[in-house]
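Inspection log for the structure reproduced underneath, given as structure tokens.
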Amino acid sequence: MSTRSLPDAARVDDLDLDSLPPGIVHRLLIGLVDDQVGGRIRVPVLVARGERPGPVVGLTAALHGNELNGIPVIHRLFEGLDVANLRGTVAAVVVANVPGFKRRQRTYMDGLDLNHHFPGKKAGNGGQAYAWNLVHRVIDRFDLLIDLHTASVGRVNCLYVRADLTDARTADMAWRIRPDIVLHNPANDKTLRGTSMGRGIPAITVEIGNPQRFHPEYIRHAVTGIRRVLAAHDIVPKRKPGEGRPPIICKSSKWMYTDRGGLLEVLPGTTDRVEKGEVVARMRDIFGDPIIEYKAPFDGVVIGHSVDPVAESGARILHLGALADGDDQRLLNWPHEIPAQAPELEPRPLWETP
Ligand SMILES: [Zn+2]
């Protein structure tokens, strides 16, 4: 962190960028709602304001309170920012769902999945009011948004980006992250990404590994990708960013679910390619007898999958991406040629430290 950072976090009730002197990194605790004893529930926000005017790039982490990899992504990004040479502003909500983070859980304290209830309601219930205040006090100040997530408990993801690839602005951001996979996914209105898009703030979701842990290799790649986005908008000086391997582009995806209960074994790993009809999971009953095999419904690539063997009917098996090809190029605003044959990816080493 810059030695010119303010030593103490300022307690405010709004992300008022004009009130923040440029040239330094600010630590803010922005009050959104009250708790039961009248204390303010505050989100921690880092703001680097450059001397020169420019766009405001917003980042959000831990909107699902147990999805932590975005937090060190923000820390490392800010460690590397030279605020004296910054154009515009980088503003990062380090923990977007503070009550969920404190409980090590995905949801808000009332059990609401915030990311299904944006833009919230001003006079709504607990989670709805929290979401409304997050949007109106913080998110609305952004010109672009990168929302950092991970897989849910019991599942693993590769490093992948969800973005509306018919929108040239979000397609460009997705490309510059250089994840393993970019999934074309028009945003649902109720998500933070969809709400932001609807409010004129181009937004992408970056899914970074697994919940409730730090995943160094993916964190490092995500930081590098976000720096490429900042450089593309002239917020940080263009350096030799390193090309990074091109991602696999998926035009759509489908979650496979079990229709029986038992003990589930998923066979392929993330970023593995599978063919239609290939057996991708097997289930045994509680006595150990095989009861069913699950087959891939189409050729595709594994974006994420379950690692929890305990499965009831309707348990998630595998998130299968359908590969985009040249025909899809016309429909999407993907800024680069989509190869006829998607590349095979070497899996990233999961636990290797950078
Ligand atoms: Zn999430």
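In the structure tokens, the first chain shown is A, the next is B, and so on; residue numbers restart at 1 for each chain, and ligands run from 1 in the order shown.
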message: Give me the residues near A:Gly300 as a ChimeraX atom specification, where near means some atom within 8 Å (using only C-alpha atoms) and where sequence neighbours in that chain fewer than 6 positions away do not count.
response: /A:273-276,320-323
Output file for the selection above: N, CA and C atoms, as a PDB file, in the first residue's frame:
```pdb
ATOM      1  N   ARG A 273     -12.315 -31.029 -21.456  1.00  0.00           N
ATOM      2  CA  ARG A 273     -13.290 -31.112 -22.548  1.00  0.00           C
ATOM      3  C   ARG A 273     -13.997 -32.452 -22.478  1.00  0.00           C
ATOM      4  N   VAL A 274     -15.297 -32.454 -22.712  1.00  0.00           N
ATOM      5  CA  VAL A 274     -16.041 -33.715 -22.718  1.00  0.00           C
ATOM      6  C   VAL A 274     -16.877 -33.770 -23.996  1.00  0.00           C
ATOM      7  N   GLU A 275     -17.189 -34.978 -24.417  1.00  0.00           N
ATOM      8  CA  GLU A 275     -17.995 -35.182 -25.624  1.00  0.00           C
ATOM      9  C   GLU A 275     -19.399 -35.600 -25.239  1.00  0.00           C
ATOM     10  N   LYS A 276     -20.322 -35.254 -26.123  1.00  0.00           N
ATOM     11  CA  LYS A 276     -21.719 -35.655 -25.920  1.00  0.00           C
ATOM     12  C   LYS A 276     -21.798 -37.167 -25.702  1.00  0.00           C
ATOM     13  N   LEU A 320     -21.528 -27.266 -17.477  1.00  0.00           N
ATOM     14  CA  LEU A 320     -20.949 -27.574 -18.786  1.00  0.00           C
ATOM     15  C   LEU A 320     -21.131 -26.384 -19.728  1.00  0.00           C
ATOM     16  N   GLY A 321     -20.034 -25.922 -20.290  1.00  0.00           N
ATOM     17  CA  GLY A 321     -20.086 -24.812 -21.236  1.00  0.00           C
ATOM     18  C   GLY A 321     -20.135 -25.329 -22.667  1.00  0.00           C
ATOM     19  N   ALA A 322     -20.975 -24.693 -23.497  1.00  0.00           N
ATOM     20  CA  ALA A 322     -21.042 -25.023 -24.924  1.00  0.00           C
ATOM     21  C   ALA A 322     -20.099 -24.095 -25.679  1.00  0.00           C
ATOM     22  N   LEU A 323     -19.188 -24.676 -26.447  1.00  0.00           N
ATOM     23  CA  LEU A 323     -18.145 -23.885 -27.098  1.00  0.00           C
ATOM     24  C   LEU A 323     -18.724 -23.015 -28.214  1.00  0.00           C
TER      25      LEU A 323
END
```
- request: Pick out the residues sitting within 12 Å of A:Val279, and hand them over as number ranges by chain; count only C-alpha atoms, and ignore anything fewer than 5 positions along from it in its own chain.
  value: A: 265-268, 274, 292-299, 317-318
Could you take the residues named above and write them with C-alpha atoms, as a PDB file, in the first residue's frame?
```
ATOM      1  CA  GLU A 265     -18.458 -39.097  -8.145  1.00  0.00           C
ATOM      2  CA  VAL A 266     -17.745 -36.504 -10.852  1.00  0.00           C
ATOM      3  CA  LEU A 267     -15.128 -37.731 -13.323  1.00  0.00           C
ATOM      4  CA  PRO A 268     -13.699 -34.772 -15.308  1.00  0.00           C
ATOM      5  CA  VAL A 274     -16.041 -33.715 -22.718  1.00  0.00           C
ATOM      6  CA  ILE A 292     -26.821 -44.486 -12.340  1.00  0.00           C
ATOM      7  CA  GLU A 293     -24.344 -42.856 -14.714  1.00  0.00           C
ATOM      8  CA  TYR A 294     -24.722 -39.307 -15.983  1.00  0.00           C
ATOM      9  CA  LYS A 295     -23.685 -38.428 -19.534  1.00  0.00           C
ATOM     10  CA  ALA A 296     -22.756 -35.092 -21.061  1.00  0.00           C
ATOM     11  CA  PRO A 297     -25.765 -33.711 -23.006  1.00  0.00           C
ATOM     12  CA  PHE A 298     -23.500 -31.972 -25.547  1.00  0.00           C
ATOM     13  CA  ASP A 299     -19.837 -31.470 -26.447  1.00  0.00           C
ATOM     14  CA  ILE A 317     -23.239 -32.320 -10.857  1.00  0.00           C
ATOM     15  CA  LEU A 318     -21.365 -30.258 -13.371  1.00  0.00           C
TER      16      LEU A 318
END
```
- request: For ligand 1, collect every residue having any atom at a distance of at most 6 Å from a ligand atom (counting only C-alpha atoms and all ligand atoms); output as number ranges by chain.
  value: A: 64, 149-150
task: Name all residues at most 10 Å from A:Leu134 (count only C-alpha atoms; drop same-chain ones fewer than 5 positions away) and give them as a ChimeraX atom specification.
output: /A:14-15,30-33,42-43,93,96-97,118-120,128-129,139-140,192
message: Would you pick out the contacts of A:Asp308 at 9 Å or less, using only C-alpha atoms, so that residues sharing its chain but fewer than 6 positions from it are not included, and give the list as a ChimeraX atom specification?
response: /A:153-155,263-265
Would you mind exporting the chosen residues as a PDB file, in the first residue's frame, restricted to N, CA, C and O atoms?
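So the final result, stored in result_2.pdb, reads:
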```
ATOM      1  N   VAL A 153     -20.037 -23.446  -1.856  1.00  0.00           N
ATOM      2  CA  VAL A 153     -19.558 -24.545  -1.005  1.00  0.00           C
ATOM      3  C   VAL A 153     -19.890 -25.885  -1.654  1.00  0.00           C
ATOM      4  O   VAL A 153     -20.995 -26.088  -2.150  1.00  0.00           O
ATOM      5  N   GLY A 154     -18.905 -26.773  -1.664  1.00  0.00           N
ATOM      6  CA  GLY A 154     -19.106 -28.109  -2.227  1.00  0.00           C
ATOM      7  C   GLY A 154     -18.861 -28.178  -3.719  1.00  0.00           C
ATOM      8  O   GLY A 154     -19.066 -29.222  -4.333  1.00  0.00           O
ATOM      9  N   ARG A 155     -18.435 -27.035  -4.304  1.00  0.00           N
ATOM     10  CA  ARG A 155     -18.170 -27.041  -5.742  1.00  0.00           C
ATOM     11  C   ARG A 155     -16.842 -26.333  -6.023  1.00  0.00           C
ATOM     12  O   ARG A 155     -16.351 -25.577  -5.185  1.00  0.00           O
ATOM     13  N   LEU A 263     -24.354 -41.310  -3.470  1.00  0.00           N
ATOM     14  CA  LEU A 263     -22.983 -40.804  -3.371  1.00  0.00           C
ATOM     15  C   LEU A 263     -22.455 -40.571  -4.780  1.00  0.00           C
ATOM     16  O   LEU A 263     -22.390 -41.497  -5.591  1.00  0.00           O
ATOM     17  N   LEU A 264     -22.104 -39.329  -5.035  1.00  0.00           N
ATOM     18  CA  LEU A 264     -21.807 -38.883  -6.397  1.00  0.00           C
ATOM     19  C   LEU A 264     -20.305 -38.770  -6.600  1.00  0.00           C
ATOM     20  O   LEU A 264     -19.590 -38.218  -5.763  1.00  0.00           O
ATOM     21  N   GLU A 265     -19.855 -39.275  -7.746  1.00  0.00           N
ATOM     22  CA  GLU A 265     -18.458 -39.097  -8.145  1.00  0.00           C
ATOM     23  C   GLU A 265     -18.446 -38.410  -9.505  1.00  0.00           C
ATOM     24  O   GLU A 265     -18.991 -38.950 -10.475  1.00  0.00           O
TER      25      GLU A 265
END
```
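Closest approach to A:His136 among A:Ala231, A:Arg52, A:Pro44, A:Asp13 is made by A:Asp13 (distances from only C-alpha atoms).
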field: Sel. of strand (DSSP E or B) residues, stretch 42-133 of chain A, as a VMD selection string
entry: chain A and resid 42 to 49 52 to 61 87 to 93
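Near A:Tyr218, within 7 Å and counting only C-alpha atoms, sit Leu159, Ile208 and Gly209 of chain A, not including residues fewer than 5 positions from it in the same chain.
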Residue list (alpha helix (DSSP H), DSSP) for stretch 167-339 of chain A, as a count of residues only: 38
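The nearest approach to A:Ala48 among the residues A:Ile71, A:Ile249, A:Val236, A:Val182, with only C-alpha atoms taken into account, belongs to A:Val236.
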For atom CA of A:Val37 and atom CA of A:Asp113, the interatomic separation in Å (one decimal): 23.6 Å
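Among the candidate residues A:Val56, A:Ile204, A:Ala315, A:Val302, the one lying nearest to A:Asp259 is A:Ala315, with distances computed using only C-alpha atoms.
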task: Just the residues within 10 Å of stretch 17-19 of chain A, please, counting only C-alpha atoms, with nothing from its chain fewer than 3 positions along; format it as JSON, numbers by chain.
output: {"A": [14, 22, 47, 48, 49, 56, 89, 91, 138, 141]}
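For A:Val156, the residues within 7 Å (counting only C-alpha atoms, excluding itself and residues fewer than 6 positions away along the chain) are Gly209, Asn210, Gly304, His305, Ser306 and Val307 of chain A.
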Would you save the residues from that selection as a PDB file, in the first residue's frame, using N, CA, C and O atoms?
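This is the output file part25.pdb:
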```pdb
ATOM      1  N   GLY A 209     -11.922 -19.570  -8.483  1.00  0.00           N
ATOM      2  CA  GLY A 209     -11.655 -20.724  -7.614  1.00  0.00           C
ATOM      3  C   GLY A 209     -12.782 -21.023  -6.642  1.00  0.00           C
ATOM      4  O   GLY A 209     -13.952 -20.964  -6.997  1.00  0.00           O
ATOM      5  N   ASN A 210     -12.403 -21.328  -5.415  1.00  0.00           N
ATOM      6  CA  ASN A 210     -13.290 -21.984  -4.457  1.00  0.00           C
ATOM      7  C   ASN A 210     -13.575 -21.086  -3.258  1.00  0.00           C
ATOM      8  O   ASN A 210     -12.821 -20.172  -2.970  1.00  0.00           O
ATOM      9  N   GLY A 304     -17.213 -25.773 -14.015  1.00  0.00           N
ATOM     10  CA  GLY A 304     -17.136 -26.048 -12.584  1.00  0.00           C
ATOM     11  C   GLY A 304     -17.861 -27.355 -12.314  1.00  0.00           C
ATOM     12  O   GLY A 304     -18.556 -27.884 -13.186  1.00  0.00           O
ATOM     13  N   HIS A 305     -17.680 -27.901 -11.110  1.00  0.00           N
ATOM     14  CA  HIS A 305     -18.381 -29.146 -10.796  1.00  0.00           C
ATOM     15  C   HIS A 305     -18.448 -29.352  -9.295  1.00  0.00           C
ATOM     16  O   HIS A 305     -17.732 -28.703  -8.518  1.00  0.00           O
ATOM     17  N   SER A 306     -19.302 -30.289  -8.903  1.00  0.00           N
ATOM     18  CA  SER A 306     -19.448 -30.633  -7.493  1.00  0.00           C
ATOM     19  C   SER A 306     -18.225 -31.414  -7.029  1.00  0.00           C
ATOM     20  O   SER A 306     -17.660 -32.222  -7.767  1.00  0.00           O
ATOM     21  N   VAL A 307     -17.813 -31.173  -5.780  1.00  0.00           N
ATOM     22  CA  VAL A 307     -16.813 -32.028  -5.138  1.00  0.00           C
ATOM     23  C   VAL A 307     -17.392 -32.649  -3.865  1.00  0.00           C
ATOM     24  O   VAL A 307     -16.670 -33.236  -3.078  1.00  0.00           O
TER      25      VAL A 307
END
```
Show me a table, sorted first by chain and then by increasing residue number, of the residues of stretch 209-319 of chain A having an atom at most 10 Å from stretch 74-87 of chain A, each with its shortest atom pair and the distance in Å to one decimal, counting only C-alpha atoms and written as a Markdown table.
```
| residue | atom | partner | partner_atom | distance |
| --- | --- | --- | --- | --- |
| A:Ile219 | CA | A:Arg76 | CA | 8.8 |
| A:Arg220 | CA | A:Arg76 | CA | 8.5 |
| A:Ala222 | CA | A:Leu77 | CA | 9.4 |
| A:Val223 | CA | A:Leu77 | CA | 5.9 |
| A:Thr224 | CA | A:Leu77 | CA | 8.3 |
| A:Ile226 | CA | A:Leu77 | CA | 8.0 |
| A:Arg227 | CA | A:Leu77 | CA | 7.5 |
| A:Leu230 | CA | A:Arg87 | CA | 9.6 |
| A:Ala231 | CA | A:Arg87 | CA | 9.9 |
| A:His233 | CA | A:Arg87 | CA | 9.0 |
| A:Asp234 | CA | A:Arg87 | CA | 6.7 |
| A:Ile235 | CA | A:Arg87 | CA | 4.5 |
| A:Val236 | CA | A:Leu86 | CA | 5.4 |
| A:Pro237 | CA | A:Asn85 | CA | 7.5 |
```
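Remark: for A:His117, the closest of the candidate residues A:Pro247, A:Gly194, A:Pro99, A:Gly50 is A:Gly194 (distances computed over only C-alpha atoms).
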